[in-house]
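Colleague: I am sharing entry.cif, which consists of mmCIF, C-alpha atoms and all ligand atoms:
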data_coords
#
loop_
_atom_site.label_atom_id
_atom_site.label_comp_id
_atom_site.auth_asym_id
_atom_site.auth_seq_id
_atom_site.Cartn_x
_atom_site.Cartn_y
_atom_site.Cartn_z
CA MET A 1 21.37 7.50 13.37
CA GLU A 2 22.92 4.89 15.65
CA GLN A 3 25.17 5.79 18.56
CA VAL A 4 27.39 2.80 17.92
CA ILE A 5 27.44 -0.06 15.44
CA ILE A 6 29.32 -3.19 16.42
CA ILE A 7 30.47 -5.26 13.46
CA GLY A 8 30.97 -8.89 14.43
CA SER A 9 29.44 -11.14 17.07
CA GLY A 10 32.19 -13.24 18.62
CA PRO A 11 33.17 -12.85 22.30
CA ALA A 12 34.69 -9.41 21.58
CA GLY A 13 31.68 -7.98 19.75
CA LEU A 14 29.08 -9.38 22.14
CA THR A 15 30.99 -8.21 25.21
CA ALA A 16 31.24 -4.77 23.61
CA ALA A 17 27.46 -5.00 23.06
CA ILE A 18 26.77 -5.94 26.71
CA TYR A 19 28.84 -3.03 28.00
CA SER A 20 27.59 -0.44 25.53
CA ALA A 21 23.97 -1.52 26.01
CA ARG A 22 24.41 -1.16 29.75
CA ALA A 23 25.81 2.32 29.06
CA ASN A 24 22.50 3.05 27.31
CA LEU A 25 24.06 3.39 23.86
CA LYS A 26 21.52 0.98 22.31
CA PRO A 27 24.18 -0.69 20.14
CA LEU A 28 23.33 -2.17 16.77
CA VAL A 29 25.25 -5.42 16.36
CA ILE A 30 25.70 -6.67 12.82
CA GLU A 31 26.49 -10.33 13.16
CA GLY A 32 28.15 -11.81 10.14
CA VAL A 33 27.27 -15.01 8.35
CA ASP A 34 29.62 -16.84 10.74
CA ALA A 35 27.66 -15.50 13.72
CA GLY A 36 29.31 -16.26 17.04
CA GLY A 37 32.79 -16.49 15.56
CA GLN A 38 35.40 -19.17 16.02
CA LEU A 39 33.88 -20.58 19.22
CA MET A 40 31.04 -21.91 17.09
CA LEU A 41 33.62 -24.34 15.63
CA THR A 42 34.69 -25.62 19.04
CA THR A 43 33.19 -28.24 21.28
CA MET A 44 34.10 -27.97 24.97
CA VAL A 45 35.61 -24.70 26.21
CA GLU A 46 37.38 -25.33 29.50
CA ASN A 47 39.30 -22.09 29.92
CA TRP A 48 36.44 -19.59 30.09
CA PRO A 49 36.49 -18.41 33.71
CA GLY A 50 33.46 -19.30 35.77
CA TYR A 51 32.57 -22.55 34.02
CA GLN A 52 34.34 -24.99 36.29
CA ASP A 53 33.23 -28.00 34.25
CA GLY A 54 33.55 -26.30 30.87
CA ILE A 55 30.89 -25.14 28.44
CA MET A 56 30.26 -25.99 24.82
CA GLY A 57 31.47 -23.19 22.51
CA PRO A 58 28.08 -22.67 20.78
CA ASP A 59 26.29 -22.66 24.19
CA LEU A 60 28.63 -19.97 25.47
CA MET A 61 27.93 -17.83 22.41
CA THR A 62 24.16 -18.32 22.79
CA LYS A 63 24.41 -17.10 26.38
CA LEU A 64 26.55 -14.08 25.43
CA ARG A 65 24.08 -13.18 22.70
CA ALA A 66 21.11 -13.44 25.06
CA GLN A 67 22.96 -11.34 27.63
CA ALA A 68 23.66 -8.65 25.01
CA GLU A 69 19.97 -8.63 24.00
CA ARG A 70 18.80 -8.53 27.61
CA PHE A 71 20.31 -5.06 28.00
CA GLY A 72 18.84 -3.74 24.76
CA SER A 73 21.34 -4.56 22.00
CA LYS A 74 19.73 -4.88 18.58
CA ILE A 75 21.25 -7.75 16.64
CA ILE A 76 20.80 -8.12 12.90
CA THR A 77 22.38 -10.55 10.47
CA GLY A 78 24.31 -9.25 7.50
CA HIS A 79 27.64 -9.25 5.78
CA VAL A 80 29.19 -5.78 5.92
CA GLU A 81 30.31 -5.05 2.38
CA ARG A 82 31.39 -1.46 2.65
CA VAL A 83 32.10 1.18 5.25
CA ASP A 84 32.83 4.86 4.94
CA LEU A 85 34.73 6.00 8.00
CA THR A 86 36.20 9.11 6.44
CA ALA A 87 33.63 11.53 7.88
CA GLU A 88 30.84 11.52 10.45
CA PRO A 89 28.27 10.13 10.35
CA TYR A 90 30.04 6.90 9.57
CA ILE A 91 28.36 4.64 7.05
CA VAL A 92 28.10 0.87 7.37
CA GLU A 93 26.52 -1.00 4.47
CA THR A 94 25.30 -4.55 4.13
CA ALA A 95 23.42 -6.10 1.20
CA GLU A 96 20.22 -5.42 3.14
CA GLY A 97 20.75 -1.80 4.04
CA ARG A 98 22.75 1.27 4.89
CA HIS A 99 23.31 2.45 8.44
CA GLU A 100 24.60 5.73 9.83
CA THR A 101 26.38 5.89 13.15
CA ARG A 102 28.42 8.16 15.38
CA ALA A 103 30.88 5.42 16.39
CA VAL A 104 31.92 1.98 15.19
CA ILE A 105 33.39 -1.00 17.03
CA ILE A 106 35.05 -3.48 14.69
CA SER A 107 35.17 -7.04 16.02
CA THR A 108 35.16 -9.10 12.85
CA GLY A 109 37.77 -11.54 14.15
CA ALA A 110 40.20 -13.62 12.21
CA SER A 111 39.53 -16.84 10.42
CA ALA A 112 41.86 -19.78 10.84
CA ARG A 113 43.04 -20.86 7.41
CA LEU A 114 41.83 -24.34 6.65
CA LEU A 115 42.98 -27.07 4.31
CA GLY A 116 39.59 -27.14 2.62
CA LEU A 117 38.93 -30.87 2.96
CA PRO A 118 35.33 -32.01 3.51
CA SER A 119 36.58 -34.38 6.26
CA GLU A 120 38.31 -31.48 8.00
CA ARG A 121 35.03 -29.57 8.17
CA ALA A 122 33.11 -32.69 9.27
CA LEU A 123 35.53 -33.48 12.11
CA MET A 124 36.13 -29.91 13.30
CA GLY A 125 35.70 -30.02 17.08
CA HIS A 126 35.74 -33.81 16.97
CA GLY A 127 39.48 -34.38 16.75
CA VAL A 128 40.28 -31.59 14.31
CA SER A 129 41.15 -28.24 15.88
CA THR A 130 42.71 -24.91 15.01
CA CYS A 131 43.67 -24.02 18.59
CA ALA A 132 46.09 -26.04 20.71
CA THR A 133 45.64 -23.79 23.74
CA CYS A 134 41.91 -24.47 23.62
CA ASP A 135 41.87 -28.18 22.82
CA GLY A 136 45.31 -29.64 23.61
CA TYR A 137 44.13 -30.90 26.97
CA PHE A 138 41.77 -33.37 25.29
CA PHE A 139 44.69 -35.21 23.69
CA LYS A 140 46.47 -36.58 26.73
CA GLY A 141 48.62 -39.58 25.79
CA LYS A 142 47.47 -39.46 22.15
CA SER A 143 49.34 -39.30 18.89
CA ILE A 144 48.51 -36.17 16.91
CA ALA A 145 49.46 -34.28 13.77
CA VAL A 146 50.09 -30.57 13.35
CA VAL A 147 49.83 -29.20 9.82
CA GLY A 148 51.98 -26.21 8.87
CA GLY A 149 55.57 -25.02 8.89
CA GLY A 150 55.37 -21.53 10.39
CA ASP A 151 55.80 -20.19 13.91
CA SER A 152 52.21 -21.05 14.79
CA ALA A 153 52.70 -24.67 13.81
CA MET A 154 55.92 -24.92 15.86
CA GLU A 155 54.29 -23.20 18.81
CA GLU A 156 51.27 -25.49 18.65
CA ALA A 157 53.45 -28.59 18.25
CA LEU A 158 55.64 -27.64 21.22
CA PHE A 159 52.61 -26.86 23.37
CA LEU A 160 50.95 -30.13 22.42
CA THR A 161 53.95 -32.19 23.55
CA LYS A 162 52.78 -31.44 27.10
CA PHE A 163 49.82 -33.71 26.47
CA ALA A 164 50.39 -35.88 23.42
CA SER A 165 52.51 -39.02 23.28
CA LYS A 166 53.78 -37.99 19.86
CA VAL A 167 53.35 -34.94 17.61
CA THR A 168 53.99 -35.23 13.88
CA VAL A 169 54.44 -31.95 12.03
CA VAL A 170 53.25 -32.25 8.44
CA HIS A 171 54.75 -29.63 6.15
CA ARG A 172 54.29 -29.19 2.42
CA ARG A 173 57.95 -28.29 1.83
CA ASP A 174 61.30 -29.52 3.13
CA LYS A 175 62.10 -26.22 4.84
CA LEU A 176 60.22 -24.62 7.69
CA ARG A 177 59.03 -21.06 7.48
CA ALA A 178 59.23 -20.69 11.28
CA SER A 179 61.90 -18.55 12.96
CA LYS A 180 65.17 -20.32 13.71
CA ILE A 181 64.62 -20.33 17.44
CA MET A 182 61.22 -22.02 17.07
CA GLN A 183 62.62 -24.50 14.56
CA ASP A 184 65.47 -25.39 16.90
CA LYS A 185 63.11 -25.91 19.81
CA ALA A 186 60.81 -28.14 17.75
CA ARG A 187 63.64 -30.17 16.24
CA ALA A 188 65.19 -30.70 19.68
CA ASN A 189 61.97 -32.02 21.19
CA PRO A 190 62.04 -35.84 21.25
CA LYS A 191 58.24 -36.05 20.99
CA ILE A 192 58.15 -34.13 17.68
CA ALA A 193 58.62 -35.87 14.32
CA PHE A 194 58.37 -34.35 10.83
CA GLU A 195 56.74 -35.44 7.61
CA TRP A 196 58.36 -33.30 4.92
CA ASP A 197 57.10 -32.50 1.43
CA SER A 198 53.71 -33.82 2.43
CA VAL A 199 50.16 -32.61 2.12
CA VAL A 200 47.13 -33.96 3.94
CA THR A 201 44.61 -35.20 1.37
CA ASP A 202 42.10 -36.76 3.77
CA ILE A 203 41.31 -37.11 7.46
CA LYS A 204 39.67 -40.37 8.45
CA ASP A 205 37.18 -41.39 9.82
CA ALA A 206 34.41 -38.86 9.19
CA ALA A 207 31.80 -41.63 9.03
CA LYS A 208 32.59 -42.61 12.64
CA GLY A 209 32.91 -39.00 13.79
CA VAL A 210 36.44 -39.45 15.15
CA VAL A 211 39.96 -38.89 13.88
CA ALA A 212 41.72 -42.20 13.26
CA SER A 213 44.33 -41.32 10.65
CA ILE A 214 45.43 -38.87 7.99
CA VAL A 215 46.29 -39.59 4.40
CA LEU A 216 49.53 -37.94 3.29
CA ARG A 217 50.61 -37.37 -0.28
CA ASP A 218 54.31 -37.01 -0.95
CA ILE A 219 54.55 -34.14 -3.40
CA ASN A 220 57.83 -35.42 -4.90
CA ASN A 221 56.59 -38.77 -6.14
CA ASP A 222 52.81 -38.49 -5.71
CA THR A 223 52.67 -41.56 -3.46
CA THR A 224 50.29 -41.66 -0.53
CA LYS A 225 50.50 -43.20 2.91
CA GLU A 226 48.32 -43.29 5.98
CA LEU A 227 49.47 -42.08 9.39
CA SER A 228 47.55 -43.13 12.52
CA VAL A 229 46.70 -40.11 14.66
CA GLU A 230 43.86 -39.27 17.00
CA GLY A 231 43.95 -35.54 16.48
CA VAL A 232 44.82 -33.00 13.80
CA PHE A 233 45.74 -29.39 14.52
CA VAL A 234 45.60 -27.18 11.46
CA ALA A 235 48.09 -24.34 12.00
CA ILE A 236 48.54 -22.80 8.57
CA GLY A 237 47.89 -19.24 9.66
CA HIS A 238 44.98 -16.89 10.27
CA THR A 239 43.43 -14.26 8.07
CA PRO A 240 42.02 -11.18 9.83
CA ASN A 241 38.63 -10.24 8.44
CA THR A 242 39.54 -6.74 7.33
CA LYS A 243 39.12 -6.74 3.55
CA PHE A 244 36.20 -4.33 3.77
CA LEU A 245 38.39 -1.88 5.73
CA LEU A 246 41.12 -1.24 3.17
CA GLY A 247 41.89 2.47 3.10
CA GLN A 248 39.57 3.15 6.04
CA VAL A 249 41.73 2.41 9.09
CA ASP A 250 45.41 1.55 9.45
CA LEU A 251 46.24 -2.13 9.14
CA ASP A 252 49.58 -3.82 9.85
CA ASP A 253 51.54 -5.81 7.26
CA ASN A 254 49.49 -8.93 8.00
CA GLY A 255 46.16 -7.11 7.66
CA TYR A 256 45.39 -6.77 11.39
CA ILE A 257 43.93 -3.45 12.60
CA THR A 258 46.50 -1.46 14.53
CA THR A 259 45.21 -0.14 17.83
CA VAL A 260 46.72 2.17 20.42
CA GLU A 261 45.81 2.95 24.03
CA GLY A 262 43.21 0.25 24.39
CA SER A 263 41.01 -0.10 21.35
CA ARG A 264 41.57 3.11 19.40
CA THR A 265 42.20 2.77 15.68
CA SER A 266 43.74 5.38 13.40
CA ARG A 267 40.26 6.90 12.97
CA ALA A 268 38.57 8.85 15.79
CA GLY A 269 35.36 7.17 16.90
CA VAL A 270 36.34 3.84 15.38
CA PHE A 271 37.46 1.16 17.81
CA ALA A 272 38.62 -2.42 17.33
CA CYS A 273 38.69 -5.42 19.62
CA GLY A 274 39.28 -9.16 19.55
CA ASP A 275 41.24 -11.20 17.04
CA VAL A 276 40.87 -8.61 14.26
CA GLN A 277 43.50 -6.58 16.13
CA ASP A 278 45.26 -9.31 18.09
CA SER A 279 47.48 -11.86 16.38
CA THR A 280 49.22 -12.77 19.63
CA TYR A 281 46.81 -14.00 22.32
CA ARG A 282 43.74 -14.96 20.25
CA GLN A 283 41.77 -16.26 23.24
CA ALA A 284 38.04 -15.91 23.81
CA VAL A 285 38.64 -14.35 27.19
CA THR A 286 41.18 -11.80 25.90
CA ALA A 287 38.78 -10.98 23.05
CA ALA A 288 35.98 -10.42 25.56
CA GLY A 289 38.27 -8.23 27.67
CA SER A 290 39.17 -6.10 24.69
CA GLY A 291 35.46 -5.87 23.79
CA CYS A 292 34.83 -4.37 27.20
CA MET A 293 37.65 -1.88 26.61
CA ALA A 294 36.22 -0.91 23.21
CA ALA A 295 32.78 -0.25 24.72
CA ILE A 296 34.21 1.91 27.49
CA ASP A 297 36.43 3.77 25.01
CA THR A 298 33.37 4.35 22.79
CA GLU A 299 31.27 5.62 25.66
CA HIS A 300 33.95 8.11 26.62
CA TYR A 301 34.43 9.17 23.02
CA LEU A 302 30.71 9.83 22.57
CA GLU A 303 30.58 11.80 25.79
CA GLY A 304 33.57 13.83 24.70
CA LEU A 305 35.43 12.67 27.79
CA PRO A 306 39.09 11.86 28.11
CA MET A 307 39.79 8.15 27.70
CA PRO A 308 39.20 6.24 30.94
CA ALA A 309 41.85 5.38 33.45
CA ALA A 310 39.74 2.70 35.12
CA ALA A 311 36.47 0.84 34.49
CA GLY A 312 33.32 1.07 36.62
CA ALA A 313 32.72 -0.93 39.76
CA ASP A 314 30.33 -3.54 38.40
CA GLY A 315 32.58 -6.02 36.73
P1 LIG B 401 52.61 -18.30 8.43
O1 LIG B 401 53.92 -17.73 8.88
O2 LIG B 401 51.93 -17.69 7.28
O3 LIG B 401 52.89 -19.84 8.15
C1 LIG B 401 51.87 -20.64 7.60
C2 LIG B 401 52.46 -22.02 7.35
O4 LIG B 401 51.42 -22.87 6.87
C3 LIG B 401 53.56 -22.02 6.29
O5 LIG B 401 54.56 -22.93 6.64
C4 LIG B 401 52.83 -22.48 5.02
O6 LIG B 401 53.61 -23.22 4.15
C5 LIG B 401 51.76 -23.38 5.60
N1 LIG B 401 50.56 -23.38 4.76
C6 LIG B 401 49.83 -22.32 4.35
N2 LIG B 401 48.78 -22.73 3.63
C7 LIG B 401 48.85 -24.08 3.58
C8 LIG B 401 48.05 -25.08 3.00
N3 LIG B 401 46.93 -24.78 2.32
N4 LIG B 401 48.41 -26.36 3.15
C9 LIG B 401 49.52 -26.68 3.85
N5 LIG B 401 50.32 -25.80 4.44
C10 LIG B 401 49.98 -24.49 4.31
O7 LIG B 401 51.52 -18.28 9.61
P2 LIG B 401 51.73 -18.44 11.19
O8 LIG B 401 52.64 -19.55 11.50
O9 LIG B 401 50.36 -18.47 11.77
O10 LIG B 401 52.43 -17.08 11.61
C11 LIG B 401 51.81 -15.83 11.31
C12 LIG B 401 52.67 -14.69 11.87
O11 LIG B 401 52.65 -14.73 13.29
C13 LIG B 401 54.14 -14.84 11.47
O12 LIG B 401 54.68 -13.56 11.29
C14 LIG B 401 54.77 -15.50 12.67
O13 LIG B 401 56.15 -15.23 12.81
C15 LIG B 401 53.96 -14.90 13.82
N6 LIG B 401 53.92 -15.82 14.96
C16 LIG B 401 54.93 -15.74 15.88
C17 LIG B 401 54.95 -16.62 16.94
C18 LIG B 401 56.06 -16.54 17.94
O14 LIG B 401 57.01 -15.84 17.68
N7 LIG B 401 55.99 -17.23 19.04
C19 LIG B 401 53.96 -17.59 17.09
C20 LIG B 401 52.96 -17.67 16.14
C21 LIG B 401 52.95 -16.78 15.06
P3 LIG B 401 54.81 -22.53 3.33
O15 LIG B 401 55.90 -22.32 4.33
O16 LIG B 401 55.14 -23.54 2.29
O17 LIG B 401 54.24 -21.26 2.78
#
Once you've parsed the file, please lay out its structure as structure tokens.
Ligand code: NAP
Modeller:
Amino acid sequence: MEQVIIIGSGPAGLTAAIYSARANLKPLVIEGVDAGGQLMLTTMVENWPGYQDGIMGPDLMTKLRAQAERFGSKIITGHVERVDLTAEPYIVETAEGRHETRAVIISTGASARLLGLPSERALMGHGVSTCATCDGYFFKGKSIAVVGGGDSAMEEALFLTKFASKVTVVHRRDKLRASKIMQDKARANPKIAFEWDSVVTDIKDAAKGVVASIVLRDINNDTTKELSVEGVFVAIGHTPNTKFLLGQVDLDDNGYITTVEGSRTSRAGVFACGDVQDSTYRQAVTAAGSGCMAAIDTEHYLEGLPMPAAAGADG
């Protein structure tokens, strides 16, 4: 019987592991097939505090993992297929085995929806990004494209105008899904142009390892054209990784876990942290912060204590 199982190994899950290992809970971390989470798809991370010159996303995750192991976290690889959180002990099942635990921290993150092009995958982190806040800074004075027509796409496009010389929003319809206020802001920005009724069919130049242009297909007449850009931001939404939780904890209309008072879910002893419960901030550092909260909440739950008012003195 485990004290706590942490499902997911991004910044939220590994920070929860560091804190719960240091609280002597000997956490079992089940890292998914996309171990390390979304930062594994990034190159330079410049907004993680303490790394003045930045750190590569995969390097940061390697360090977090080693730090979690240093304090006694057990980390295994597996895709969690089923959980039973209806009664203690809670059950967590992967293809490889079945685990029983007194508490669960869910940190399975959210996956950015992608276009599904081979060139998109090849150039991810090399001109293709799913996070303007993370990568916008690298596109100073450059011409870039944002794909999508929702609030995220408008938000990313507006944010990117701080750096880019021009931002072209590529949308597959002739009407935006974004809220009126975001649409108005985007339309009023002189740096933002729109390509309507268009889908991206290729991103060039994967052979050179840089973004040089995108190929757009007009869905009305099936013609294609090439648009020169040096960056592509895919902003077609995120999907929280909560399919395995249906009927187990409360989810909101978009599938995110609802949490109250820190990291508590609708089920006692089950906590959630990181992007799986946060569709607003979605930053590595906020995910890590919520992982810390989940570990402290878990520790207090297992000790039968009231939820904490303040964290300990060591960090
Ligand atoms: P979203 O509302 O689901 O919009 C996704 C957009 O991407 C849609 O325009 C959709 O086109 C397009 N799209 C989806 N799949 C595509 C594909 N395969 N190829 C090309 N285009 C594709 O997602 P979101 O913008 O991330 O927003 C999610 C939620 O968060 C929304 O409720 C939103 O209001 C909220 N949000 C709010 C703010 C804010 O208020 N500041 C900021 C960000 C997000 P169609 O329109 O044709 O379906």
Colleague: So that I can check the surroundings of Ala268 in chain A, please list as a PyMOL selection string every protein, DNA and RNA residue that reaches within 10 Å of it, counting all atoms listed in the file and ignoring chain neighbours fewer than 6 positions away.
Modeller: chain A and resi 85-88+103-104+249+298+301
Colleague: Hey, can you spit out that residue selection with C-alpha atoms as a JSON list (two decimals), in the coordinates of the input?
Modeller:
[["chain", "number", "residue", "atom", "x", "y", "z"],
["A", 85, "LEU", "CA", 34.73, 6.00, 8.00],
["A", 86, "THR", "CA", 36.20, 9.11, 6.44],
["A", 87, "ALA", "CA", 33.63, 11.53, 7.88],
["A", 88, "GLU", "CA", 30.84, 11.52, 10.45],
["A", 103, "ALA", "CA", 30.88, 5.42, 16.39],
["A", 104, "VAL", "CA", 31.92, 1.98, 15.19],
["A", 249, "VAL", "CA", 41.73, 2.41, 9.09],
["A", 298, "THR", "CA", 33.37, 4.35, 22.79],
["A", 301, "TYR", "CA", 34.43, 9.17, 23.02]]
Colleague: Neighbours of ligand LIG 401 (chain B) at 8 Å or closer, counting all atoms listed in the file: which residues, as a VMD selection string?
Modeller: chain A and resid 113 to 116 147 to 155 171 to 173 175 to 179 182 199 to 200 235 to 238 254 279 to 280
Colleague: Using all atoms listed in the file, what table do you get, as a tab-separated table, when you list each residue of range 226-290 of chain A with an atom no more than 10 Å from range 33-46 of chain A, its nearest pair of atoms, and their distance in Å rounded to one decimal, rows by chain then rising number?
Modeller:
residue	atom	partner	partner_atom	distance
A:Asp275	CA	A:Gln38	CA	9.9
A:Gln283	CA	A:Leu39	CA	9.9
A:Ala284	CA	A:Leu39	CA	7.8
Colleague: Out of A:Asp135, A:Glu120, A:Glu93, A:Asp252, which residue has the shortest atom-to-atom distance to Val211 in chain A when counting only C-alpha atoms?
Modeller: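 Counting only C-alpha atoms, the residue closest to Val211 in chain A is A:Glu120.
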Colleague: Please provide the set of residues having any atom within 12 Å of Asp205 in chain A, restricted to all atoms listed in the file, with same-chain residues fewer than 6 positions apart removed, written as a ChimeraX atom specification.
Modeller: /A:118-120,122-123,126-128,211-215,226,228-231
Colleague: Would you mind telling me which residue in A:Asp250, A:Asp197, A:Pro89, A:Ala110 lies nearest to Thr224 in chain A when using all atoms listed in the file?
Modeller: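 Nearest candidate to Thr224 in chain A out of A:Asp250, A:Asp197, A:Pro89, A:Ala110: A:Asp197.
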Colleague: Considering all atoms listed in the file, return as a PyMOL selection string whatever protein or nucleic-acid residues lie within 12 Å of Val29 in chain A, sequence-local ones (same chain, fewer than 5 positions apart) excluded.
Modeller: chain A and resi 2-10+12-18+20-21+35-36+65+68-69+72-80+92+99+101+104-108
Colleague: Any chance you could tabulate, as JSON lines, the residues of range 133-156 of chain A at most 10 Å from range 163-166 of chain A with each one's nearest atom pair and distance in Å to one decimal, using only C-alpha atoms, in chain and rising number order?
Modeller:
{"residue": "A:Gly136", "atom": "CA", "partner": "A:Phe163", "partner_atom": "CA", "distance": 6.7}
{"residue": "A:Tyr137", "atom": "CA", "partner": "A:Phe163", "partner_atom": "CA", "distance": 6.4}
{"residue": "A:Phe138", "atom": "CA", "partner": "A:Phe163", "partner_atom": "CA", "distance": 8.1}
{"residue": "A:Phe139", "atom": "CA", "partner": "A:Ala164", "partner_atom": "CA", "distance": 5.7}
{"residue": "A:Lys140", "atom": "CA", "partner": "A:Phe163", "partner_atom": "CA", "distance": 4.4}
{"residue": "A:Gly141", "atom": "CA", "partner": "A:Ser165", "partner_atom": "CA", "distance": 4.7}
{"residue": "A:Lys142", "atom": "CA", "partner": "A:Ala164", "partner_atom": "CA", "distance": 4.8}
{"residue": "A:Ser143", "atom": "CA", "partner": "A:Lys166", "partner_atom": "CA", "distance": 4.7}
{"residue": "A:Ile144", "atom": "CA", "partner": "A:Lys166", "partner_atom": "CA", "distance": 6.3}
{"residue": "A:Ala145", "atom": "CA", "partner": "A:Lys166", "partner_atom": "CA", "distance": 8.3}
Colleague: Do you have the CA of Ala188 in chain A-CA of Glu156 in chain A distance handy?
Modeller: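 One can read the CA of Ala188 in chain A to CA of Glu156 in chain A distance as 14.9 Å.
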Colleague: What is the distance, in Å and to one decimal place, between CA of Ala186 in chain A and CA of Leu158 in chain A?
Modeller: 6.2 Å
Colleague: Could you check which of A:Lys63, A:Arg102, A:Lys26, A:Lys185 is closest to Glu303 in chain A, using only C-alpha atoms?
Modeller: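 For Glu303 in chain A, the nearest of the candidates is A:Arg102.
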Colleague: Hey, can you check how far CA of Ile55 in chain A sits from CA of Arg282 in chain A?
Modeller: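 So the two atoms, CA of Ile55 in chain A and CA of Arg282 in chain A, lie 18.3 Å apart.
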Colleague: Which one is closest to Gly109 in chain A: A:Thr242, A:Ser266, A:Ser290, A:Gln248? Count only C-alpha atoms.
Modeller: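 Distance minimum relative to Gly109 in chain A lands on A:Thr242.
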Colleague: Go through A:Lys208, A:Asn24, A:Ser111, A:Asp222 one by one, measure the shortest atom-to-atom distance of each to Tyr256 in chain A using all atoms listed in the file, and give the residue with the smallest value.
Modeller: A:Ser111
Colleague: So, counting all atoms listed in the file, which residue among A:Arg121, A:Arg98, A:Arg70, A:Lys180 is closest to Ile30 in chain A?
Modeller: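 Distance minimum relative to Ile30 in chain A lands on A:Arg98.
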